[in-house]
file coords-v4.cif (mmCIF, C-alpha atoms)
data_protein
#
loop_
_atom_site.group_PDB
_atom_site.id
_atom_site.type_symbol
_atom_site.label_atom_id
_atom_site.label_comp_id
_atom_site.auth_asym_id
_atom_site.auth_seq_id
_atom_site.Cartn_x
_atom_site.Cartn_y
_atom_site.Cartn_z
ATOM 1 C CA MET S 999 -123.908 188.489 74.555
ATOM 2 C CA THR S 1000 -121.664 189.853 71.854
ATOM 3 C CA GLY S 1001 -120.330 192.545 74.198
ATOM 4 C CA LEU S 1002 -119.734 189.974 76.962
ATOM 5 C CA ALA S 1003 -117.892 187.678 74.554
ATOM 6 C CA SER S 1004 -115.706 190.538 73.447
ATOM 7 C CA ALA S 1005 -114.852 191.330 77.070
ATOM 8 C CA PHE S 1006 -113.845 187.722 77.759
ATOM 9 C CA ARG S 1007 -111.719 187.678 74.633
ATOM 10 C CA ALA S 1008 -109.967 190.874 75.785
ATOM 11 C CA LEU S 1009 -109.310 189.456 79.258
ATOM 12 C CA GLY S 1010 -107.942 186.263 77.702
ATOM 13 C CA ALA S 1011 -105.626 188.257 75.524
ATOM 14 C CA LEU S 1012 -104.352 190.246 78.510
ATOM 15 C CA ALA S 1013 -103.833 187.070 80.541
ATOM 16 C CA ALA S 1014 -101.990 185.427 77.685
ATOM 17 C CA ALA S 1015 -99.809 188.494 77.261
ATOM 18 C CA GLY S 1016 -99.042 188.499 80.986
ATOM 19 C CA LEU S 1017 -98.237 184.815 80.917
ATOM 20 C CA LEU S 1018 -95.968 185.261 77.962
ATOM 21 C CA ALA S 1019 -94.229 188.171 79.656
ATOM 22 C CA ALA S 1020 -93.731 186.140 82.836
ATOM 23 C CA THR S 1021 -92.422 183.250 80.810
ATOM 24 C CA ALA S 1022 -89.999 185.483 78.958
ATOM 25 C CA ALA S 1023 -88.665 186.838 82.261
ATOM 26 C CA VAL S 1024 -87.567 183.347 83.414
ATOM 27 C CA PRO S 1025 -84.169 182.312 81.991
ATOM 28 C CA SER S 1026 -83.990 178.958 80.237
ATOM 29 C CA ALA S 1027 -82.747 176.141 82.440
ATOM 30 C CA SER S 1028 -80.186 174.725 80.021
ATOM 31 C CA ALA S 1029 -77.292 173.132 81.892
ATOM 32 C CA THR S 1030 -73.745 174.149 81.002
ATOM 33 C CA PRO S 1031 -71.950 171.128 79.477
ATOM 34 C CA GLU S 1032 -69.147 169.675 81.585
ATOM 35 C CA PRO S 1033 -65.668 170.200 80.137
ATOM 36 C CA LYS S 1034 -64.076 167.145 78.526
ATOM 37 C CA ALA S 1035 -60.474 165.999 78.514
ATOM 38 C CA PRO S 1036 -58.287 166.656 75.472
ATOM 39 C CA LYS S 1037 -57.614 163.627 73.277
ATOM 40 C CA GLU S 1038 -54.159 163.280 74.864
ATOM 41 C CA PHE S 1039 -55.790 161.956 78.074
ATOM 42 C CA THR S 1040 -56.906 158.390 78.766
ATOM 43 C CA ALA S 1041 -58.152 156.173 81.557
ATOM 44 C CA LEU S 1042 -55.202 154.229 82.957
ATOM 45 C CA ASP S 1043 -57.016 150.896 82.796
ATOM 46 C CA ARG S 1044 -57.291 151.274 79.016
ATOM 47 C CA VAL S 1045 -53.502 151.123 78.931
ATOM 48 C CA ASP S 1046 -52.864 148.696 81.825
ATOM 49 C CA ARG S 1047 -55.553 146.711 83.638
ATOM 50 C CA THR S 1048 -53.128 145.167 86.132
ATOM 51 C CA ILE S 1049 -52.241 148.373 88.017
ATOM 52 C CA LEU S 1050 -54.324 148.578 91.195
ATOM 53 C CA GLN S 1051 -56.435 151.677 91.802
ATOM 54 C CA GLU S 1052 -57.456 152.948 95.231
ATOM 55 C CA MET S 1053 -58.728 156.409 94.429
ATOM 56 C CA ARG S 1054 -58.806 157.963 97.878
ATOM 57 C CA TYR S 1055 -60.427 161.296 96.998
ATOM 58 C CA THR S 1056 -63.652 159.644 95.873
ATOM 59 C CA THR S 1057 -64.044 158.373 99.461
ATOM 60 C CA GLU S 1058 -64.090 159.771 102.978
ATOM 61 C CA HIS S 1059 -60.670 158.282 103.760
ATOM 62 C CA ASN S 1060 -58.517 161.321 103.025
ATOM 63 C CA PHE S 1061 -57.277 164.368 104.920
ATOM 64 C CA VAL S 1062 -60.470 166.320 104.131
ATOM 65 C CA GLY S 1063 -62.713 163.562 105.482
ATOM 66 C CA GLU S 1064 -65.236 163.583 102.627
ATOM 67 C CA PRO S 1065 -65.379 162.908 98.875
ATOM 68 C CA VAL S 1066 -63.563 165.727 97.103
ATOM 69 C CA ASP S 1067 -65.198 168.004 94.520
ATOM 70 C CA GLY S 1068 -64.758 166.806 90.953
ATOM 71 C CA TYR S 1069 -64.166 163.132 91.739
ATOM 72 C CA ARG S 1070 -67.254 161.515 90.189
ATOM 73 C CA GLN S 1071 -65.895 158.002 89.721
ATOM 74 C CA PRO S 1072 -62.921 156.042 91.143
ATOM 75 C CA VAL S 1073 -60.961 156.057 87.898
ATOM 76 C CA CYS S 1074 -57.347 157.068 87.263
ATOM 77 C CA ILE S 1075 -57.056 159.488 84.336
ATOM 78 C CA LEU S 1076 -53.656 160.522 82.950
ATOM 79 C CA THR S 1077 -52.070 161.872 79.813
ATOM 80 C CA ARG S 1078 -51.359 158.921 77.556
ATOM 81 C CA PRO S 1079 -47.540 159.277 77.738
ATOM 82 C CA ALA S 1080 -47.718 159.119 81.559
ATOM 83 C CA ALA S 1081 -50.067 156.120 81.463
ATOM 84 C CA GLU S 1082 -47.811 154.281 79.012
ATOM 85 C CA ALA S 1083 -44.749 155.010 81.153
ATOM 86 C CA LEU S 1084 -46.555 153.595 84.200
ATOM 87 C CA HIS S 1085 -47.338 150.495 82.161
ATOM 88 C CA ARG S 1086 -43.664 150.014 81.312
ATOM 89 C CA ALA S 1087 -42.727 150.316 84.992
ATOM 90 C CA GLN S 1088 -45.481 147.872 85.894
ATOM 91 C CA VAL S 1089 -44.189 145.214 83.495
ATOM 92 C CA LYS S 1090 -40.800 145.250 85.220
ATOM 93 C CA LEU S 1091 -42.265 145.279 88.726
ATOM 94 C CA LEU S 1092 -44.584 142.360 87.964
ATOM 95 C CA ALA S 1093 -41.510 140.319 87.003
ATOM 96 C CA ARG S 1094 -40.154 141.002 90.511
ATOM 97 C CA GLY S 1095 -43.373 140.036 92.288
ATOM 98 C CA TYR S 1096 -44.854 143.508 92.818
ATOM 99 C CA THR S 1097 -47.614 145.646 91.373
ATOM 100 C CA LEU S 1098 -48.124 149.390 91.286
ATOM 101 C CA LYS S 1099 -51.136 150.900 93.050
ATOM 102 C CA VAL S 1100 -52.320 154.453 92.382
ATOM 103 C CA TYR S 1101 -54.051 156.671 94.959
ATOM 104 C CA ASP S 1102 -54.546 159.733 92.763
ATOM 105 C CA CYS S 1103 -53.847 160.721 89.169
ATOM 106 C CA TYR S 1104 -55.269 163.699 87.278
ATOM 107 C CA ARG S 1105 -56.897 166.110 89.767
ATOM 108 C CA PRO S 1106 -59.353 168.783 88.592
ATOM 109 C CA GLN S 1107 -58.844 172.388 89.668
ATOM 110 C CA ARG S 1108 -62.181 172.283 91.511
ATOM 111 C CA ALA S 1109 -60.696 169.587 93.769
ATOM 112 C CA VAL S 1110 -57.683 171.793 94.511
ATOM 113 C CA ASP S 1111 -60.113 174.616 95.322
ATOM 114 C CA HIS S 1112 -61.877 172.237 97.740
ATOM 115 C CA PHE S 1113 -58.552 171.572 99.487
ATOM 116 C CA VAL S 1114 -57.934 175.310 99.786
ATOM 117 C CA ARG S 1115 -61.375 175.960 101.324
ATOM 118 C CA TRP S 1116 -60.842 173.092 103.751
ATOM 119 C CA ALA S 1117 -57.400 174.345 104.774
ATOM 120 C CA LYS S 1118 -58.821 177.787 105.562
ATOM 121 C CA ASP S 1119 -61.505 176.278 107.817
ATOM 122 C CA LEU S 1120 -59.433 175.918 110.972
ATOM 123 C CA ASP S 1121 -62.351 174.388 112.880
ATOM 124 C CA ASP S 1122 -62.517 171.296 110.665
ATOM 125 C CA GLU S 1123 -59.916 168.914 112.056
ATOM 126 C CA ARG S 1124 -61.863 165.663 111.807
ATOM 127 C CA MET S 1125 -58.950 163.824 110.119
ATOM 128 C CA LYS S 1126 -56.068 165.534 111.928
ATOM 129 C CA LYS S 1127 -54.960 162.576 114.033
ATOM 130 C CA GLU S 1128 -54.276 160.376 111.027
ATOM 131 C CA PHE S 1129 -53.036 162.764 108.333
ATOM 132 C CA TYR S 1130 -51.433 165.790 110.020
ATOM 133 C CA PRO S 1131 -51.020 164.904 113.710
ATOM 134 C CA LEU S 1132 -47.984 167.146 114.344
ATOM 135 C CA VAL S 1133 -48.827 170.025 111.994
ATOM 136 C CA ASP S 1134 -50.908 173.001 113.077
ATOM 137 C CA LYS S 1135 -53.617 173.417 110.463
ATOM 138 C CA SER S 1136 -52.955 177.151 110.288
ATOM 139 C CA ARG S 1137 -49.518 176.339 108.780
ATOM 140 C CA LEU S 1138 -50.646 174.054 105.932
ATOM 141 C CA PHE S 1139 -50.061 176.743 103.281
ATOM 142 C CA GLU S 1140 -46.849 178.062 104.814
ATOM 143 C CA ASP S 1141 -45.379 174.574 105.175
ATOM 144 C CA GLY S 1142 -46.248 173.673 101.587
ATOM 145 C CA TYR S 1143 -48.800 170.946 102.219
ATOM 146 C CA ILE S 1144 -51.638 172.841 100.482
ATOM 147 C CA ALA S 1145 -51.383 175.194 97.489
ATOM 148 C CA GLU S 1146 -53.797 176.909 95.104
ATOM 149 C CA LYS S 1147 -52.416 174.994 92.121
ATOM 150 C CA SER S 1148 -51.346 171.366 91.775
ATOM 151 C CA GLY S 1149 -49.216 169.590 89.216
ATOM 152 C CA HIS S 1150 -51.841 166.841 89.274
ATOM 153 C CA SER S 1151 -54.177 169.162 87.354
ATOM 154 C CA ARG S 1152 -51.800 169.076 84.374
ATOM 155 C CA GLY S 1153 -52.474 165.353 83.983
ATOM 156 C CA SER S 1154 -49.028 163.747 84.182
ATOM 157 C CA THR S 1155 -48.611 163.465 87.965
ATOM 158 C CA VAL S 1156 -49.517 160.366 89.947
ATOM 159 C CA ASP S 1157 -49.578 159.363 93.616
ATOM 160 C CA VAL S 1158 -48.452 155.754 93.677
ATOM 161 C CA THR S 1159 -47.079 152.930 95.808
ATOM 162 C CA ILE S 1160 -46.170 149.267 95.355
ATOM 163 C CA VAL S 1161 -47.925 146.142 96.640
ATOM 164 C CA ARG S 1162 -46.396 142.698 97.066
ATOM 165 C CA LEU S 1163 -48.083 139.958 95.048
ATOM 166 C CA PRO S 1164 -50.405 138.239 95.569
ATOM 167 C CA ALA S 1165 -52.161 141.461 96.613
ATOM 168 C CA ALA S 1166 -54.295 141.197 99.725
ATOM 169 C CA PRO S 1167 -57.308 143.525 99.656
ATOM 170 C CA THR S 1168 -57.297 146.705 101.734
ATOM 171 C CA ARG S 1169 -60.297 146.652 104.048
ATOM 172 C CA PRO S 1170 -62.884 149.406 103.533
ATOM 173 C CA TYR S 1171 -62.521 152.536 105.627
ATOM 174 C CA GLU S 1172 -65.380 153.090 108.065
ATOM 175 C CA PRO S 1173 -66.178 156.811 108.443
ATOM 176 C CA GLY S 1174 -65.702 157.857 112.050
ATOM 177 C CA GLU S 1175 -63.519 154.898 112.984
ATOM 178 C CA PRO S 1176 -60.668 155.503 115.461
ATOM 179 C CA GLN S 1177 -57.650 157.053 113.776
ATOM 180 C CA ALA S 1178 -53.968 156.198 114.103
ATOM 181 C CA GLU S 1179 -51.127 158.575 113.255
ATOM 182 C CA CYS S 1180 -49.856 158.039 109.701
ATOM 183 C CA PHE S 1181 -46.230 157.765 110.840
ATOM 184 C CA ARG S 1182 -46.802 154.955 113.336
ATOM 185 C CA PRO S 1183 -45.392 151.457 112.609
ATOM 186 C CA GLN S 1184 -47.186 149.736 109.761
ATOM 187 C CA GLY S 1185 -49.082 147.348 112.001
ATOM 188 C CA GLU S 1186 -50.513 150.218 114.037
ATOM 189 C CA ARG S 1187 -51.745 152.586 111.305
ATOM 190 C CA PHE S 1188 -54.584 152.095 108.809
ATOM 191 C CA PRO S 1189 -54.055 148.655 107.184
ATOM 192 C CA ASP S 1190 -53.138 149.565 103.615
ATOM 193 C CA ASN S 1191 -51.993 146.635 101.457
ATOM 194 C CA SER S 1192 -48.971 148.662 100.296
ATOM 195 C CA VAL S 1193 -45.519 147.504 101.297
ATOM 196 C CA ASP S 1194 -44.147 149.402 104.291
ATOM 197 C CA MET S 1195 -43.015 152.824 103.113
ATOM 198 C CA GLY S 1196 -42.453 154.247 106.582
ATOM 199 C CA THR S 1197 -45.645 156.355 106.527
ATOM 200 C CA GLY S 1198 -49.098 156.097 105.082
ATOM 201 C CA PHE S 1199 -50.175 157.928 101.935
ATOM 202 C CA ASP S 1200 -50.770 161.690 102.310
ATOM 203 C CA CYS S 1201 -48.973 161.820 105.644
ATOM 204 C CA PHE S 1202 -48.237 165.511 106.326
ATOM 205 C CA ASP S 1203 -44.952 164.899 108.127
ATOM 206 C CA THR S 1204 -41.240 165.242 107.375
ATOM 207 C CA LEU S 1205 -40.959 161.442 107.646
ATOM 208 C CA SER S 1206 -42.715 161.359 104.264
ATOM 209 C CA HIS S 1207 -39.725 163.063 102.622
ATOM 210 C CA THR S 1208 -38.462 160.441 100.188
ATOM 211 C CA ASP S 1209 -34.850 160.487 101.382
ATOM 212 C CA ASP S 1210 -35.451 161.177 105.081
ATOM 213 C CA PRO S 1211 -32.448 159.557 106.817
ATOM 214 C CA ARG S 1212 -34.642 158.091 109.559
ATOM 215 C CA VAL S 1213 -36.171 155.716 106.999
ATOM 216 C CA GLN S 1214 -33.925 152.659 106.809
ATOM 217 C CA GLY S 1215 -34.051 148.902 106.249
ATOM 218 C CA ALA S 1216 -37.029 147.457 104.363
ATOM 219 C CA GLN S 1217 -38.773 150.829 104.293
ATOM 220 C CA ARG S 1218 -35.809 152.433 102.558
ATOM 221 C CA ALA S 1219 -35.552 149.506 100.129
ATOM 222 C CA HIS S 1220 -39.228 149.865 99.207
ATOM 223 C CA ARG S 1221 -38.930 153.611 98.587
ATOM 224 C CA ASP S 1222 -35.828 153.058 96.461
ATOM 225 C CA LEU S 1223 -37.569 150.302 94.492
ATOM 226 C CA LEU S 1224 -40.521 152.555 93.675
ATOM 227 C CA LYS S 1225 -38.393 155.577 92.872
ATOM 228 C CA GLY S 1226 -35.983 153.579 90.718
ATOM 229 C CA ALA S 1227 -38.689 151.788 88.748
ATOM 230 C CA LEU S 1228 -40.446 155.050 87.915
ATOM 231 C CA ALA S 1229 -37.304 157.116 87.285
ATOM 232 C CA GLU S 1230 -36.266 154.542 84.694
ATOM 233 C CA GLN S 1231 -39.427 155.432 82.758
ATOM 234 C CA GLY S 1232 -39.102 159.216 82.996
ATOM 235 C CA PHE S 1233 -40.868 160.033 86.263
ATOM 236 C CA VAL S 1234 -39.436 162.625 88.645
ATOM 237 C CA ASN S 1235 -40.164 162.323 92.353
ATOM 238 C CA LEU S 1236 -41.250 165.213 94.569
ATOM 239 C CA PRO S 1237 -38.680 165.053 97.412
ATOM 240 C CA GLU S 1238 -41.258 165.926 100.093
ATOM 241 C CA GLU S 1239 -43.590 163.011 99.221
ATOM 242 C CA TRP S 1240 -42.368 159.476 98.588
ATOM 243 C CA TRP S 1241 -45.595 158.709 96.642
ATOM 244 C CA HIS S 1242 -45.627 161.726 94.259
ATOM 245 C CA PHE S 1243 -44.185 161.404 90.726
ATOM 246 C CA THR S 1244 -44.457 163.507 87.560
ATOM 247 C CA PHE S 1245 -43.762 162.177 84.079
ATOM 248 C CA LYS S 1246 -41.358 164.318 82.041
ATOM 249 C CA PRO S 1247 -41.644 165.898 79.569
ATOM 250 C CA GLU S 1248 -45.223 166.846 80.406
ATOM 251 C CA PRO S 1249 -47.573 167.229 77.412
ATOM 252 C CA PHE S 1250 -49.268 170.142 79.221
ATOM 253 C CA PRO S 1251 -46.588 171.779 81.382
ATOM 254 C CA SER S 1252 -48.551 174.959 82.104
ATOM 255 C CA THR S 1253 -52.241 174.034 81.726
ATOM 256 C CA PHE S 1254 -54.387 173.289 84.780
ATOM 257 C CA PHE S 1255 -57.506 171.392 83.703
ATOM 258 C CA ASP S 1256 -60.885 171.220 85.422
ATOM 259 C CA PHE S 1257 -62.842 168.423 83.740
ATOM 260 C CA PRO S 1258 -64.315 165.977 86.303
ATOM 261 C CA VAL S 1259 -62.750 162.620 87.141
ATOM 262 C CA ALA S 1260 -65.185 160.356 85.289
ATOM 263 C CA ARG S 1261 -65.026 157.967 82.361
ATOM 264 C CA ARG S 1262 -67.222 160.198 80.253
ATOM 265 C CA SER S 1263 -64.521 162.911 80.491
ATOM 266 C CA VAL S 1264 -62.192 160.815 78.352
ATOM 267 C CA GLY S 1265 -64.862 159.206 76.161
ATOM 268 C CA GLY S 1266 -63.141 156.927 73.722
ATOM 269 C CA HIS S 1267 -59.625 158.245 74.419
#

call {"tool": "encode", "arguments": {"input": "coords-v4.cif", "output": "structure tokens"}}
result
Amino acid sequence: MTGLASAFRALGALAAAGLLAATAAVPSASATPEPKAPKEFTALDRVDRTILQEMRYTTEHNFVGEPVDGYRQPVCILTRPAAEALHRAQVKLLARGYTLKVYDCYRPQRAVDHFVRWAKDLDDERMKKEFYPLVDKSRLFEDGYIAEKSGHSRGSTVDVTIVRLPAAPTRPYEPGEPQAECFRPQGERFPDNSVDMGTGFDCFDTLSHTDDPRVQGAQRAHRDLLKGALAEQGFVNLPEEWWHFTFKPEPFPSTFFDFPVARRSVGGH
């Protein structure tokens, strides 16, 4: 019996050693912590709760046709100087019967990478009719609509429009619904509650150029109102996109961040 017991003890020791070896060969499953925003960033609604937010890249209603990587929650995050400048513009617009509405604010690098992958997939044209009806997808890089870096990732750039008060809600987008070209008359394209700017947001077309001479009348007045209100507070418009503005001077003029768009990224900032 003593010899048999010794044999069992030896087998147990070998099994334990094997188990320990197998366990040691498996790497620990500790998750890498998500990057957080520097203290200079904040959620816009902590600075101004009256500015409307319609964060398109958290939804399927965008030129990619699906929620974009890095957009965890529909929250506008900006550097605090940019958020405070938006607030100052908002105060003046409210006095005139309008409110600002943001479509996109800080954009993580992983979202830009998602755009690049999408642009290289020439077979995916599910949102072509609405967002780039006259542009061949193979030319998106060459024509400047898609790039490997975006000023949005520096935290002081915002895509924004104005809405007449009282603001009617924009109806939810239904994935797969019939599309209308973004440059069609306002009553024929997707029913955004924005004032008529001549095109919809993210319209890949020369008609989106802020000073395109074909844009006249009320459309021109609306673009000038937006541009003037933001320029007064230090924002510079991108001439190719009536909705795109960057606050100057930027706190991070050469840093492209990659923390996710989520409230936890800014914590108590």

call {"tool": "resolve_selection", "arguments": {"input": "coords-v4.cif", "expression": "the PyMOL selection byres ((chain S and resi 1256) around 12)", "output": "ChimeraX atom specification"}}
result
/S:1032-1036,1067-1069,1104-1111,1147-1148,1150-1153,1253-1255,1257-1260,1263

call {"tool": "resolve_selection", "arguments": {"input": "coords-v4.cif", "expression": "the PyMOL selection byres ((chain S and resi 1216) around 12)", "output": "MDAnalysis selection string"}}
result
chainID S and resid 1184 1193:1196 1213:1215 1217:1223

call {"tool": "resolve_selection", "arguments": {"input": "coords-v4.cif", "expression": "the PyMOL selection byres ((chain S and resi 1240) around 9)", "output": "PDB file with C-alpha atoms, in the frame of the given file"}}
result
ATOM      1  CA  ASP S1157     -49.578 159.363  93.616  1.00  0.00           C
ATOM      2  CA  VAL S1158     -48.452 155.754  93.677  1.00  0.00           C
ATOM      3  CA  THR S1159     -47.079 152.930  95.808  1.00  0.00           C
ATOM      4  CA  MET S1195     -43.015 152.824 103.113  1.00  0.00           C
ATOM      5  CA  PHE S1199     -50.175 157.928 101.935  1.00  0.00           C
ATOM      6  CA  SER S1206     -42.715 161.359 104.264  1.00  0.00           C
ATOM      7  CA  HIS S1207     -39.725 163.063 102.622  1.00  0.00           C
ATOM      8  CA  THR S1208     -38.462 160.441 100.188  1.00  0.00           C
ATOM      9  CA  ASP S1209     -34.850 160.487 101.382  1.00  0.00           C
ATOM     10  CA  ARG S1221     -38.930 153.611  98.587  1.00  0.00           C
ATOM     11  CA  LEU S1224     -40.521 152.555  93.675  1.00  0.00           C
ATOM     12  CA  LYS S1225     -38.393 155.577  92.872  1.00  0.00           C
ATOM     13  CA  ASN S1235     -40.164 162.323  92.353  1.00  0.00           C
ATOM     14  CA  LEU S1236     -41.250 165.213  94.569  1.00  0.00           C
ATOM     15  CA  PRO S1237     -38.680 165.053  97.412  1.00  0.00           C
ATOM     16  CA  GLU S1238     -41.258 165.926 100.093  1.00  0.00           C
ATOM     17  CA  GLU S1239     -43.590 163.011  99.221  1.00  0.00           C
ATOM     18  CA  TRP S1241     -45.595 158.709  96.642  1.00  0.00           C
ATOM     19  CA  HIS S1242     -45.627 161.726  94.259  1.00  0.00           C
ATOM     20  CA  PHE S1243     -44.185 161.404  90.726  1.00  0.00           C
TER      21      PHE S1243
END

call {"tool": "residues_around", "arguments": {"input": "coords-v4.cif", "residues": "Val1062 of chain S", "least_positions_apart": "6", "cutoff": "8 Å", "atoms": "all atoms listed in the file", "output": "ChimeraX atom specification"}}
result
/S:1113,1116,1124-1125

call {"tool": "closest_residue", "arguments": {"input": "coords-v4.cif", "among": "S:Glu1123, S:Asp1190, S:Asp1200, S:Asp1102", "to": "Ala1165 of chain S", "atoms": "all atoms listed in the file"}}
result
S:Asp1190

call {"tool": "residues_around", "arguments": {"input": "coords-v4.cif", "residues": "Lys1118 of chain S", "least_positions_apart": "2", "cutoff": "10 Å", "atoms": "all atoms listed in the file", "output": "JSON, numbers by chain"}}
result
{"S": [1113, 1114, 1115, 1116, 1120, 1121, 1122, 1135, 1136, 1137, 1138, 1139]}

call {"tool": "residues_near_point", "arguments": {"input": "coords-v4.cif", "point": "(-50.0, 144.9, 97.8)", "cutoff": "12 Å", "atoms": "only C-alpha atoms", "output": "count of residues only"}}
result
31

call {"tool": "closest_residue", "arguments": {"input": "coords-v4.cif", "among": "S:His1267, S:Lys1090, S:Arg1169, S:His1059", "to": "Arg1078 of chain S", "atoms": "all atoms listed in the file"}}
result
S:His1267

call {"tool": "residues_near_point", "arguments": {"input": "coords-v4.cif", "point": "(-41.5, 158.2, 84.5)", "cutoff": "7 Å", "atoms": "only C-alpha atoms", "output": "PDB file with C-alpha atoms, keeping the file's coordinate frame"}}
result
ATOM      1  CA  ALA S1080     -47.718 159.119  81.559  1.00  0.00           C
ATOM      2  CA  ALA S1083     -44.749 155.010  81.153  1.00  0.00           C
ATOM      3  CA  LEU S1084     -46.555 153.595  84.200  1.00  0.00           C
ATOM      4  CA  LEU S1228     -40.446 155.050  87.915  1.00  0.00           C
ATOM      5  CA  ALA S1229     -37.304 157.116  87.285  1.00  0.00           C
ATOM      6  CA  GLU S1230     -36.266 154.542  84.694  1.00  0.00           C
ATOM      7  CA  GLN S1231     -39.427 155.432  82.758  1.00  0.00           C
ATOM      8  CA  GLY S1232     -39.102 159.216  82.996  1.00  0.00           C
ATOM      9  CA  PHE S1233     -40.868 160.033  86.263  1.00  0.00           C
ATOM     10  CA  VAL S1234     -39.436 162.625  88.645  1.00  0.00           C
ATOM     11  CA  THR S1244     -44.457 163.507  87.560  1.00  0.00           C
ATOM     12  CA  PHE S1245     -43.762 162.177  84.079  1.00  0.00           C
ATOM     13  CA  LYS S1246     -41.358 164.318  82.041  1.00  0.00           C
TER      14      LYS S1246
END
